[in-house]
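File shown: data_25.txt. Contents: compact mmCIF, C-alpha atoms.
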```
# COMPACT_ATOMS: atom_id res chain seq x y z
CA MET A 1 40.44 -1.93 23.49
CA ILE A 2 40.05 1.83 23.98
CA GLN A 3 37.55 2.57 26.71
CA VAL A 4 35.45 5.66 26.03
CA LYS A 5 32.70 7.60 27.77
CA ILE A 6 29.51 7.39 25.75
CA THR A 7 26.34 9.34 26.41
CA ILE A 8 23.11 8.04 24.98
CA LEU A 9 20.38 10.62 24.54
CA GLY A 10 17.19 8.57 24.27
CA GLY A 11 18.14 5.43 26.12
CA THR A 12 14.55 4.31 26.63
CA GLY A 13 13.79 3.17 23.06
CA ARG A 14 14.69 -0.34 21.92
CA PHE A 15 17.58 0.93 19.82
CA GLY A 16 19.10 3.10 22.56
CA ARG A 17 18.69 0.33 25.16
CA GLY A 18 20.37 -2.16 22.84
CA LEU A 19 23.33 0.18 22.37
CA CYS A 20 23.62 0.75 26.13
CA PHE A 21 23.69 -2.98 26.79
CA ARG A 22 26.14 -3.84 24.04
CA TRP A 23 28.61 -1.03 24.69
CA SER A 24 28.45 -1.21 28.50
CA LYS A 25 30.62 -4.34 28.42
CA ASN A 26 33.67 -2.26 27.47
CA HIS A 27 32.74 1.38 27.99
CA GLU A 28 31.32 3.85 30.45
CA ILE A 29 27.72 4.61 29.52
CA ILE A 30 25.74 7.67 30.60
CA ILE A 31 22.03 8.21 30.02
CA GLY A 32 21.11 11.85 29.54
CA SER A 33 17.70 13.41 30.06
CA ARG A 34 16.35 16.91 30.54
CA ASP A 35 15.21 15.74 33.97
CA GLU A 36 18.15 14.34 35.95
CA SER A 37 16.01 12.20 38.25
CA LYS A 38 14.37 10.63 35.20
CA ALA A 39 17.80 9.84 33.74
CA VAL A 40 18.82 8.16 37.01
CA GLN A 41 15.58 6.17 37.02
CA ILE A 42 16.18 4.96 33.43
CA ALA A 43 19.78 4.07 34.27
CA ASP A 44 18.58 2.06 37.29
CA SER A 45 16.11 0.07 35.22
CA LEU A 46 18.79 -0.63 32.59
CA ASN A 47 21.19 -1.77 35.32
CA ALA A 48 18.55 -4.15 36.65
CA GLU A 49 18.21 -5.70 33.17
CA LEU A 50 21.98 -5.83 32.74
CA GLN A 51 22.40 -7.96 35.85
CA LYS A 52 20.76 -10.83 33.96
CA PHE A 53 23.70 -10.76 31.56
CA SER A 54 26.32 -10.55 34.35
CA ILE A 55 27.48 -7.13 33.21
CA GLU A 56 28.80 -5.39 36.28
CA ARG A 57 29.63 -1.90 35.08
CA PRO A 58 26.72 0.34 36.06
CA ILE A 59 25.12 2.76 33.60
CA MET A 60 24.79 6.27 35.04
CA GLY A 61 21.97 8.78 34.68
CA MET A 62 22.63 12.54 34.44
CA GLY A 63 20.96 15.77 33.36
CA ASN A 64 21.63 16.65 29.73
CA ARG A 65 24.28 19.29 30.49
CA ASP A 66 26.54 16.94 32.50
CA ALA A 67 25.80 13.95 30.27
CA VAL A 68 26.91 15.82 27.17
CA GLN A 69 29.83 17.78 28.64
CA LYS A 70 31.44 14.77 30.34
CA SER A 71 31.39 12.37 27.37
CA GLU A 72 33.57 11.85 24.33
CA ILE A 73 30.77 10.42 22.23
CA ILE A 74 27.12 11.51 22.24
CA VAL A 75 24.64 9.17 20.55
CA LEU A 76 21.40 10.77 19.32
CA SER A 77 18.98 7.88 19.75
CA LEU A 78 15.90 10.06 19.43
CA PRO A 79 13.20 10.56 16.81
CA PHE A 80 13.95 13.37 14.35
CA ASP A 81 10.69 15.27 15.01
CA HIS A 82 11.78 17.34 18.01
CA LEU A 83 15.53 16.79 17.75
CA LEU A 84 16.65 20.06 16.12
CA PRO A 85 15.03 22.40 18.72
CA LEU A 86 16.38 20.16 21.51
CA LEU A 87 19.93 20.34 20.13
CA SER A 88 19.69 24.12 19.57
CA GLU A 89 18.74 24.48 23.21
CA MET A 90 21.71 22.32 24.25
CA LYS A 91 24.20 23.85 21.81
CA SER A 92 26.38 25.42 24.52
CA PHE A 93 26.98 21.98 26.14
CA PHE A 94 28.79 20.74 23.03
CA HIS A 95 32.48 21.40 22.33
CA SER A 96 34.61 18.92 20.37
CA GLN A 97 32.75 15.68 21.12
CA ILE A 98 31.93 13.10 18.50
CA VAL A 99 28.19 13.20 17.84
CA PHE A 100 26.82 9.95 16.51
CA SER A 101 23.58 10.05 14.49
CA PRO A 102 21.57 6.94 13.59
CA VAL A 103 18.59 9.28 13.08
CA VAL A 104 16.25 8.78 10.11
CA PRO A 105 13.49 11.31 9.40
CA MET A 106 10.44 9.35 8.26
CA MET A 107 6.70 9.09 8.53
CA LYS A 108 4.05 6.53 7.66
CA LYS A 109 1.35 7.48 5.17
CA GLU A 110 0.10 4.19 3.65
CA ILE A 111 3.77 3.39 3.03
CA PHE A 112 6.83 4.48 4.99
CA GLN A 113 8.14 7.73 3.52
CA PHE A 114 11.58 9.24 3.85
CA SER A 115 10.88 12.82 4.94
CA PRO A 116 14.17 14.70 5.13
CA PRO A 117 14.61 18.34 6.11
CA PRO A 118 15.65 20.83 3.36
CA GLU A 119 19.34 19.88 3.90
CA GLY A 120 18.58 16.43 2.46
CA SER A 121 19.22 14.27 5.52
CA ALA A 122 18.86 14.35 9.30
CA ALA A 123 22.65 14.27 9.68
CA LEU A 124 23.17 17.36 7.49
CA ALA A 125 20.48 19.28 9.42
CA ILE A 126 21.99 18.23 12.76
CA ARG A 127 25.40 19.48 11.62
CA ASN A 128 23.85 22.91 11.01
CA VAL A 129 22.64 23.31 14.61
CA LEU A 130 25.77 21.99 16.40
CA PRO A 131 28.99 23.99 16.88
CA ASP A 132 31.51 23.56 14.05
CA SER A 133 33.95 22.02 16.53
CA CYS A 134 31.71 18.95 16.94
CA ARG A 135 32.56 16.00 14.76
CA LEU A 136 29.41 14.40 13.43
CA VAL A 137 29.31 10.78 12.30
CA ALA A 138 26.18 9.12 10.84
CA ALA A 139 25.84 5.35 11.06
CA LEU A 140 23.81 2.31 12.19
CA HIS A 141 20.64 3.42 10.35
CA THR A 142 20.07 -0.04 8.91
CA ILE A 143 20.44 -2.17 12.03
CA PRO A 144 16.89 -2.96 13.22
CA ALA A 145 16.03 -1.83 16.75
CA ALA A 146 14.48 -5.23 17.53
CA ARG A 147 17.78 -6.96 16.79
CA MET A 148 19.85 -4.31 18.53
CA LYS A 149 17.92 -4.93 21.72
CA ASP A 150 17.97 -8.72 21.62
CA LEU A 151 21.27 -9.64 23.29
CA SER A 152 20.64 -13.34 22.78
CA LYS A 153 21.12 -12.96 19.00
CA LYS A 154 24.21 -11.93 17.09
CA LEU A 155 24.02 -8.73 15.10
CA GLU A 156 24.93 -9.04 11.46
CA GLY A 157 25.05 -6.71 8.49
CA ASP A 158 27.04 -3.88 6.96
CA VAL A 159 27.22 -0.47 8.60
CA VAL A 160 27.85 2.45 6.25
CA VAL A 161 29.57 5.22 8.22
CA CYS A 162 29.53 8.79 6.88
CA GLY A 163 31.41 11.77 8.30
CA ASP A 164 33.82 14.53 7.42
CA ASP A 165 36.41 13.75 10.13
CA GLN A 166 38.41 10.60 9.47
CA GLU A 167 39.74 10.21 13.03
CA SER A 168 36.27 10.11 14.57
CA LYS A 169 35.11 7.66 11.89
CA MET A 170 37.95 5.34 12.90
CA LEU A 171 36.87 5.45 16.55
CA ILE A 172 33.29 4.67 15.55
CA LYS A 173 34.66 1.81 13.40
CA LYS A 174 36.11 0.24 16.57
CA LEU A 175 32.81 0.62 18.42
CA ILE A 176 30.90 -0.95 15.55
CA GLU A 177 33.29 -3.86 15.16
CA GLU A 178 32.95 -4.63 18.88
CA MET A 179 29.36 -5.58 18.09
CA GLU A 180 29.91 -9.10 16.77
CA ASP A 181 29.38 -9.55 13.05
CA LEU A 182 28.84 -5.97 11.97
CA ARG A 183 31.13 -4.81 9.16
CA PHE A 184 32.25 -1.17 8.97
CA LEU A 185 32.08 0.39 5.49
CA ASP A 186 33.46 3.87 4.89
CA GLY A 187 30.64 5.81 3.24
CA GLY A 188 32.73 8.95 2.67
CA PRO A 189 31.61 12.44 3.72
CA LEU A 190 28.52 13.27 5.78
CA GLU A 191 26.72 14.23 2.58
CA VAL A 192 26.41 10.55 1.63
CA SER A 193 23.95 10.22 4.55
CA LYS A 194 21.35 11.48 2.02
CA MET A 195 21.67 8.09 0.30
CA VAL A 196 21.92 5.96 3.47
CA GLU A 197 19.02 7.28 5.56
CA PRO A 198 16.32 6.36 2.95
CA ILE A 199 17.27 2.67 3.29
CA THR A 200 15.52 2.53 6.68
CA PRO A 201 12.00 3.36 5.39
CA LEU A 202 12.75 1.04 2.43
CA ILE A 203 13.43 -1.85 4.83
CA LEU A 204 10.18 -1.08 6.69
CA ASN A 205 8.30 -1.09 3.36
CA LEU A 206 9.79 -4.47 2.41
CA LYS A 207 8.33 -5.85 5.63
CA LEU A 208 5.00 -4.22 4.81
CA PHE A 209 4.95 -5.96 1.40
CA GLY A 210 5.98 -9.46 2.29
CA LEU A 211 9.26 -9.94 4.12
CA LYS A 212 8.76 -11.62 7.47
CA LYS A 213 11.24 -9.91 9.77
CA ASP A 214 13.33 -6.86 10.55
CA LEU A 215 16.25 -6.86 8.17
CA ALA A 216 19.70 -5.38 7.85
CA ILE A 217 21.62 -4.91 4.60
CA LYS A 218 24.80 -6.36 3.18
CA PHE A 219 26.73 -5.39 0.09
CA VAL A 220 27.78 -8.53 -1.80
CA MET B 1 8.36 -20.60 -19.07
CA ILE B 2 6.33 -17.79 -20.61
CA GLN B 3 8.07 -16.42 -23.68
CA VAL B 4 7.68 -12.67 -24.09
CA LYS B 5 8.73 -10.00 -26.56
CA ILE B 6 11.09 -7.57 -24.90
CA THR B 7 12.35 -4.33 -26.39
CA ILE B 8 15.50 -2.83 -24.98
CA LEU B 9 15.92 0.90 -25.58
CA GLY B 10 19.64 1.52 -25.11
CA GLY B 11 21.10 -1.88 -25.89
CA THR B 12 24.62 -0.54 -26.43
CA GLY B 13 25.55 0.11 -22.78
CA ARG B 14 26.95 -2.70 -20.63
CA PHE B 15 23.73 -3.02 -18.67
CA GLY B 16 21.48 -3.18 -21.74
CA ARG B 17 23.79 -5.64 -23.49
CA GLY B 18 23.86 -7.86 -20.41
CA LEU B 19 20.06 -7.90 -20.30
CA CYS B 20 19.86 -8.73 -24.03
CA PHE B 21 22.23 -11.66 -23.61
CA ARG B 22 20.62 -13.07 -20.49
CA TRP B 23 17.00 -12.79 -21.65
CA SER B 24 17.64 -13.87 -25.26
CA LYS B 25 17.93 -17.49 -24.10
CA ASN B 26 14.20 -17.65 -23.46
CA HIS B 27 12.65 -14.59 -25.06
CA GLU B 28 12.42 -12.57 -28.24
CA ILE B 29 14.61 -9.48 -27.92
CA ILE B 30 14.30 -6.31 -30.00
CA ILE B 31 16.73 -3.42 -29.98
CA GLY B 32 15.06 -0.07 -30.62
CA SER B 33 16.74 3.08 -31.91
CA ARG B 34 15.59 6.32 -33.48
CA ASP B 35 17.58 5.26 -36.53
CA GLU B 36 16.41 1.83 -37.76
CA SER B 37 19.65 1.02 -39.58
CA LYS B 38 21.60 1.75 -36.40
CA ALA B 39 19.30 -0.59 -34.44
CA VAL B 40 19.92 -3.35 -36.99
CA GLN B 41 23.66 -2.74 -36.77
CA ILE B 42 23.62 -2.98 -32.94
CA ALA B 43 21.52 -6.16 -33.12
CA ASP B 44 24.02 -7.69 -35.58
CA SER B 45 26.97 -6.98 -33.31
CA LEU B 46 25.09 -8.46 -30.32
CA ASN B 47 24.24 -11.56 -32.37
CA ALA B 48 27.92 -11.98 -33.26
CA GLU B 49 28.81 -11.92 -29.54
CA LEU B 50 25.96 -14.28 -28.70
CA GLN B 51 27.27 -16.96 -31.06
CA LYS B 52 30.16 -17.47 -28.62
CA PHE B 53 27.61 -18.61 -26.05
CA SER B 54 25.75 -20.88 -28.52
CA ILE B 55 22.59 -18.83 -28.23
CA GLU B 56 20.80 -19.22 -31.53
CA ARG B 57 17.82 -16.92 -31.25
CA PRO B 58 18.73 -13.73 -33.10
CA ILE B 59 18.18 -10.31 -31.59
CA MET B 60 16.36 -7.96 -33.95
CA GLY B 61 16.89 -4.26 -34.61
CA MET B 62 13.96 -1.89 -35.34
CA GLY B 63 13.10 1.80 -35.38
CA ASN B 64 11.64 3.00 -32.07
CA ARG B 65 8.02 3.00 -33.28
CA ASP B 66 7.99 -0.68 -34.31
CA ALA B 67 10.23 -1.74 -31.44
CA VAL B 68 7.88 -0.22 -28.86
CA GLN B 69 4.54 -1.08 -30.51
CA LYS B 70 5.40 -4.74 -31.14
CA SER B 71 6.65 -5.62 -27.64
CA GLU B 72 5.01 -6.53 -24.36
CA ILE B 73 7.85 -5.21 -22.24
CA ILE B 74 9.95 -2.10 -22.93
CA VAL B 75 13.16 -1.74 -20.93
CA LEU B 76 14.50 1.80 -20.53
CA SER B 77 18.24 1.13 -20.37
CA LEU B 78 19.17 4.75 -20.99
CA PRO B 79 20.66 7.56 -18.90
CA PHE B 80 18.05 9.78 -17.25
CA ASP B 81 19.41 13.05 -18.74
CA HIS B 82 17.55 13.00 -22.06
CA LEU B 83 15.02 10.30 -21.28
CA LEU B 84 11.92 12.40 -20.51
CA PRO B 85 11.95 14.40 -23.81
CA LEU B 86 12.61 11.15 -25.73
CA LEU B 87 9.63 9.41 -24.08
CA SER B 88 7.36 12.43 -24.62
CA GLU B 89 8.22 12.30 -28.30
CA MET B 90 7.44 8.56 -28.40
CA LYS B 91 4.31 8.75 -26.24
CA SER B 92 1.92 7.75 -29.04
CA PHE B 93 3.79 4.45 -29.57
CA PHE B 94 2.91 3.25 -26.07
CA HIS B 95 -0.41 1.57 -25.22
CA SER B 96 -0.67 -1.00 -22.44
CA GLN B 97 2.88 -2.36 -22.45
CA ILE B 98 4.88 -2.97 -19.31
CA VAL B 99 7.60 -0.35 -19.08
CA PHE B 100 10.59 -1.45 -17.05
CA SER B 101 12.80 1.24 -15.47
CA PRO B 102 16.22 0.51 -13.95
CA VAL B 103 16.96 4.24 -14.43
CA VAL B 104 18.77 6.19 -11.69
CA PRO B 105 19.21 9.97 -11.98
CA MET B 106 22.67 10.80 -10.68
CA MET B 107 25.74 12.91 -11.25
CA LYS B 108 29.30 12.99 -9.97
CA LYS B 109 30.51 16.09 -8.12
CA GLU B 110 33.40 14.91 -5.90
CA ILE B 111 31.03 12.17 -4.70
CA PHE B 112 28.19 10.49 -6.57
CA GLN B 113 24.98 12.41 -5.94
CA PHE B 114 21.41 11.22 -6.30
CA SER B 115 19.80 13.94 -8.43
CA PRO B 116 16.11 13.13 -8.77
CA PRO B 117 13.56 15.24 -10.68
CA PRO B 118 10.89 17.12 -8.64
CA GLU B 119 8.73 13.95 -8.55
CA GLY B 120 11.36 12.34 -6.25
CA SER B 121 12.55 9.52 -8.53
CA ALA B 122 13.16 8.76 -12.18
CA ALA B 123 10.34 6.20 -12.15
CA LEU B 124 7.76 8.70 -10.86
CA ALA B 125 8.79 11.27 -13.51
CA ILE B 126 8.65 8.62 -16.26
CA ARG B 127 5.12 7.68 -15.16
CA ASN B 128 4.08 11.30 -15.69
CA VAL B 129 5.10 11.36 -19.35
CA LEU B 130 3.75 7.92 -20.38
CA PRO B 131 0.06 7.18 -21.09
CA ASP B 132 -1.90 6.06 -18.01
CA SER B 133 -2.53 2.71 -19.71
CA CYS B 134 1.18 1.80 -19.47
CA ARG B 135 2.18 -0.26 -16.47
CA LEU B 136 5.46 0.97 -15.08
CA VAL B 137 7.73 -1.27 -13.00
CA ALA B 138 11.02 -0.07 -11.45
CA ALA B 139 13.72 -2.64 -10.65
CA LEU B 140 17.29 -3.86 -11.10
CA HIS B 141 18.83 -0.55 -9.98
CA THR B 142 21.32 -2.26 -7.70
CA ILE B 143 22.72 -4.90 -10.05
CA PRO B 144 26.06 -3.55 -11.33
CA ALA B 145 26.37 -3.17 -15.11
CA ALA B 146 29.79 -4.86 -15.09
CA ARG B 147 28.27 -8.01 -13.55
CA MET B 148 25.18 -7.89 -15.73
CA LYS B 149 27.35 -8.00 -18.82
CA ASP B 150 29.73 -10.73 -17.66
CA LEU B 151 27.95 -13.95 -18.67
CA SER B 152 30.75 -16.08 -17.22
CA LYS B 153 29.73 -15.07 -13.67
CA LYS B 154 26.52 -15.74 -11.79
CA LEU B 155 24.43 -12.76 -10.81
CA GLU B 156 23.57 -12.55 -7.14
CA GLY B 157 21.68 -10.11 -4.95
CA ASP B 158 18.22 -8.91 -4.05
CA VAL B 159 16.08 -7.04 -6.55
CA VAL B 160 13.50 -4.68 -5.05
CA VAL B 161 10.63 -4.31 -7.53
CA CYS B 162 8.26 -1.33 -7.24
CA GLY B 163 5.08 -0.77 -9.23
CA ASP B 164 1.39 -0.07 -8.91
CA ASP B 165 0.17 -3.02 -11.03
CA GLN B 166 0.57 -6.38 -9.33
CA GLU B 167 0.16 -8.49 -12.49
CA SER B 168 3.06 -6.79 -14.29
CA LYS B 169 5.21 -7.08 -11.16
CA MET B 170 4.61 -10.84 -11.18
CA LEU B 171 5.74 -11.08 -14.82
CA ILE B 172 8.89 -9.09 -14.00
CA LYS B 173 9.42 -11.44 -11.02
CA LYS B 174 9.64 -14.37 -13.45
CA LEU B 175 12.12 -12.51 -15.68
CA ILE B 176 14.29 -11.65 -12.68
CA GLU B 177 14.24 -15.15 -11.27
CA GLU B 178 15.38 -16.53 -14.64
CA MET B 179 18.65 -14.72 -13.98
CA GLU B 180 20.32 -17.23 -11.68
CA ASP B 181 20.64 -16.19 -8.05
CA LEU B 182 18.67 -12.97 -8.07
CA ARG B 183 15.91 -12.80 -5.47
CA PHE B 184 12.70 -10.83 -6.17
CA LEU B 185 11.50 -8.62 -3.32
CA ASP B 186 8.17 -6.82 -3.58
CA GLY B 187 8.93 -3.18 -2.83
CA GLY B 188 5.29 -2.08 -2.94
CA PRO B 189 4.02 0.85 -5.03
CA LEU B 190 6.08 2.84 -7.54
CA GLU B 191 6.52 5.57 -4.94
CA VAL B 192 8.98 3.38 -3.04
CA SER B 193 11.38 3.88 -5.99
CA LYS B 194 12.32 7.14 -4.20
CA MET B 195 14.05 4.98 -1.57
CA VAL B 196 15.53 2.40 -3.97
CA GLU B 197 17.13 4.60 -6.64
CA PRO B 198 19.51 6.38 -4.17
CA ILE B 199 21.17 3.03 -3.37
CA THR B 200 22.96 3.09 -6.75
CA PRO B 201 25.00 6.28 -6.10
CA LEU B 202 25.59 4.96 -2.55
CA ILE B 203 27.16 1.78 -3.97
CA LEU B 204 29.33 3.87 -6.30
CA ASN B 205 30.44 5.98 -3.32
CA LEU B 206 31.34 2.87 -1.30
CA LYS B 207 33.68 1.90 -4.14
CA LEU B 208 35.12 5.43 -4.15
CA PHE B 209 35.90 5.15 -0.42
CA GLY B 210 37.42 1.73 -0.19
CA LEU B 211 35.40 -1.22 -1.48
CA LYS B 212 37.19 -3.05 -4.26
CA LYS B 213 34.45 -4.01 -6.69
CA ASP B 214 30.98 -3.36 -8.06
CA LEU B 215 28.51 -4.56 -5.49
CA ALA B 216 24.89 -5.59 -5.24
CA ILE B 217 22.79 -5.56 -2.06
CA LYS B 218 21.13 -8.22 0.02
CA PHE B 219 18.70 -7.89 2.88
CA VAL B 220 19.71 -10.27 5.68
```

Written as structure tokens, that's how I'd like the structure from this file.
Amino acid sequence: MIQVKITILGGTGRFGRGLCFRWSKNHEIIIGSRDESKAVQIADSLNAELQKFSIERPIMGMGNRDAVQKSEIIVLSLPFDHLLPLLSEMKSFFHSQIVFSPVVPMMKKEIFQFSPPPEGSAALAIRNVLPDSCRLVAALHTIPAARMKDLSKKLEGDVVVCGDDQESKMLIKKLIEEMEDLRFLDGGPLEVSKMVEPITPLILNLKLFGLKKDLAIKFV
Amino acid sequence: MIQVKITILGGTGRFGRGLCFRWSKNHEIIIGSRDESKAVQIADSLNAELQKFSIERPIMGMGNRDAVQKSEIIVLSLPFDHLLPLLSEMKSFFHSQIVFSPVVPMMKKEIFQFSPPPEGSAALAIRNVLPDSCRLVAALHTIPAARMKDLSKKLEGDVVVCGDDQESKMLIKKLIEEMEDLRFLDGGPLEVSKMVEPITPLILNLKLFGLKKDLAIKFV
């Protein structure tokens, strides 16, 4: 097991909280926020929840600059809407970290719509605002937040991982395979994220039109 | 079992041939072509193959006008490239039939790319060239042609069906569920095809980057 430092930007949502809980068993987790005291407060509340599961390693809270600079992996667990200006503002904090995007740009207008930026996907737009030295990996779009957060249930499903740097994809593969029954699938270059991100609004539409629960996908 | 008349436009490809074989057990199948004698020739060769599987009902070949006007369901088993001009030309043959689109606009340029028309999906562009009285249903995009054609193996996977007319979706549901282990999933209105069609080039990319065979999808 390789232990890594992982920063989660957006640790308050169900998805981000689920990731914190699941990865804190083996790794050092940092919550980043613009406001350091808020980050510490979120970390404290996560640690209180973690005690129920006898996980001893505390999650730390830091201001965005420290949280990003001190980690090897930065997870963007934030809605797409305000993400690009936020990352532009923080650009100087990034160097050669692995940036992990499960971000899906979407909106609801009768049905759930995929609403990508001109680049064609959130991941491709994020790549354009980060320094070239950052290695961007897109994955975990199709694992429902409700399941991610529920530690009492096993995660299952396939995780298509897209990125242009093979080494960082292999590290993300390890992190994904630590999460029980998830299967890593190499999706090729970051550009393939254009075909992965729309699956999330599709899954939400399937629930709207008859399926009972939050679903993941498998290729069979 | 409701028996229906089904016309397949493009019965020579693996996908179209597979559909002909599988539906000919219970339904009347017509192959349509611009050139009637070519349609008859294709139908004859399909009938010769069908004899191996002791299916007695002969497939018929007709010119496009008769093939389209005489059927209740028209399957567009053709590549997207020249489909819109062909349908425009044939517009007057369509009245209130159900038009079934498994069409996915894509191209290969290092990776497989989803290359939709300005409407956002093949299905939405097809709707624009057909008379309003036609009821368009989009489905079966994610069932691999190689499996469709191989009658010795069971089909499995989920089939997301999109369309704006509920009655025609329910008829397509029956036709899908006749094909062994396929599960019908209501994908809502035709607009959702924008999120279903990109899954086909994604599946082709997964094979390019490591998966061994043609895959279908399941929601779990």

Q: Figure out the distance between atom CA of Leu78 of chain A and atom CA of Ser45 of chain A, please, to one decimal in Å.
A: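 About the pair atom CA of Ser45 of chain A and atom CA of Leu78 of chain A: they are 18.7 Å apart.
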
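Ranking A:Leu202, A:Ala122, A:Val68, A:Met90 by their shortest atom-to-atom distance to chain B, with all atoms listed in the file included, puts A:Leu202 first.
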
Q: Extract, using all atoms listed in the file, all DNA, RNA and protein residues at most 10 Å from segment 22-38 of chain B, discarding same-chain residues fewer than 3 positions from it, and format them as JSON, numbers by chain.
A: {"B": [1, 2, 3, 4, 5, 6, 7, 8, 9, 10, 11, 12, 16, 17, 18, 19, 41, 42, 43, 44, 46, 47, 50, 53, 54, 55, 56, 57, 58, 59, 60, 61, 62, 63, 64, 65, 66, 67, 68, 70, 71, 73, 74, 75, 86, 90, 148, 149, 150, 151, 175, 176, 178, 179, 180]}

Q.
Would you compute the distance between atom CA of Ala125 of chain A and atom CA of Phe80 of chain A? Give it in Å to one decimal.
A.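 Separation of atom CA of Ala125 of chain A and atom CA of Phe80 of chain A: 10.1 Å.
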
Q.
Could you check the closest approach to Glu167 of chain B for each of B:Arg183, B:Val137, B:Val104, B:Ile203 and tell me which residue wins, using only C-alpha atoms?
A.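 Of B:Arg183, B:Val137, B:Val104, B:Ile203, the one nearest Glu167 of chain B is B:Val137, counting only C-alpha atoms.
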
Q: May I have the protein, DNA and RNA residues with any atom at most 6 Å from the point (19.0, 9.3, -4.9), counting all atoms listed in the file, written as number ranges by chain?
A: A: 195; B: 114-115, 197-198

Using only the atoms of segment 17-21 of chain A listed in the file, plus 8 Å on each side, state the axis-aligned box centre and edge lengths in Å rounded to one decimal, as AutoDock Vina command-line options.
```
--center_x 21.2 --center_y -1.1 --center_z 24.6 --size_x 21.0 --size_y 19.7 --size_z 20.4
```

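By chain and then residue number, the residues within 12 Å of Glu177 of chain B are Met1, Arg22, Trp23, Leu140, Leu155, Glu156, Gly157, Asp158, Val159, Met170, Leu171, Ile172, Leu182, Arg183, Phe184 and Leu185 of chain B, counting all atoms listed in the file and disregarding those fewer than 5 positions away in sequence.
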
Can I get the residues of chain B within 7 Å of chain A, each with the closest pair of atoms and their distance in Å to one decimal, using all atoms listed in the file, sorted chain first then ascending number, as a tab-separated table?
```
residue	atom	partner	partner_atom	distance
B:Asp186	CA	A:Phe209	CA	6.0
B:Gly187	CA	A:Leu206	CA	5.5
B:Gly188	CA	A:Phe209	CA	5.8
B:Met195	CA	A:Pro198	CA	5.2
B:Pro198	CA	A:Met195	CA	5.3
B:Ile199	CA	A:Met195	CA	6.3
B:Leu202	CA	A:Met195	CA	5.8
B:Asn205	CA	A:Gly187	CA	6.6
B:Leu206	CA	A:Gly187	CA	5.5
B:Phe209	CA	A:Gly188	CA	5.8
B:Gly210	CA	A:Asp186	CA	6.8
B:Leu215	CA	A:Val220	CA	5.5
B:Ala216	CA	A:Val220	CA	5.4
B:Ile217	CA	A:Phe219	CA	4.5
B:Lys218	CA	A:Lys218	CA	5.2
B:Phe219	CA	A:Ile217	CA	4.5
B:Val220	CA	A:Ala216	CA	5.3
```

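Here atom CA of Glu89 of chain B stands at a distance of 21.1 Å from atom CA of Pro116 of chain B.
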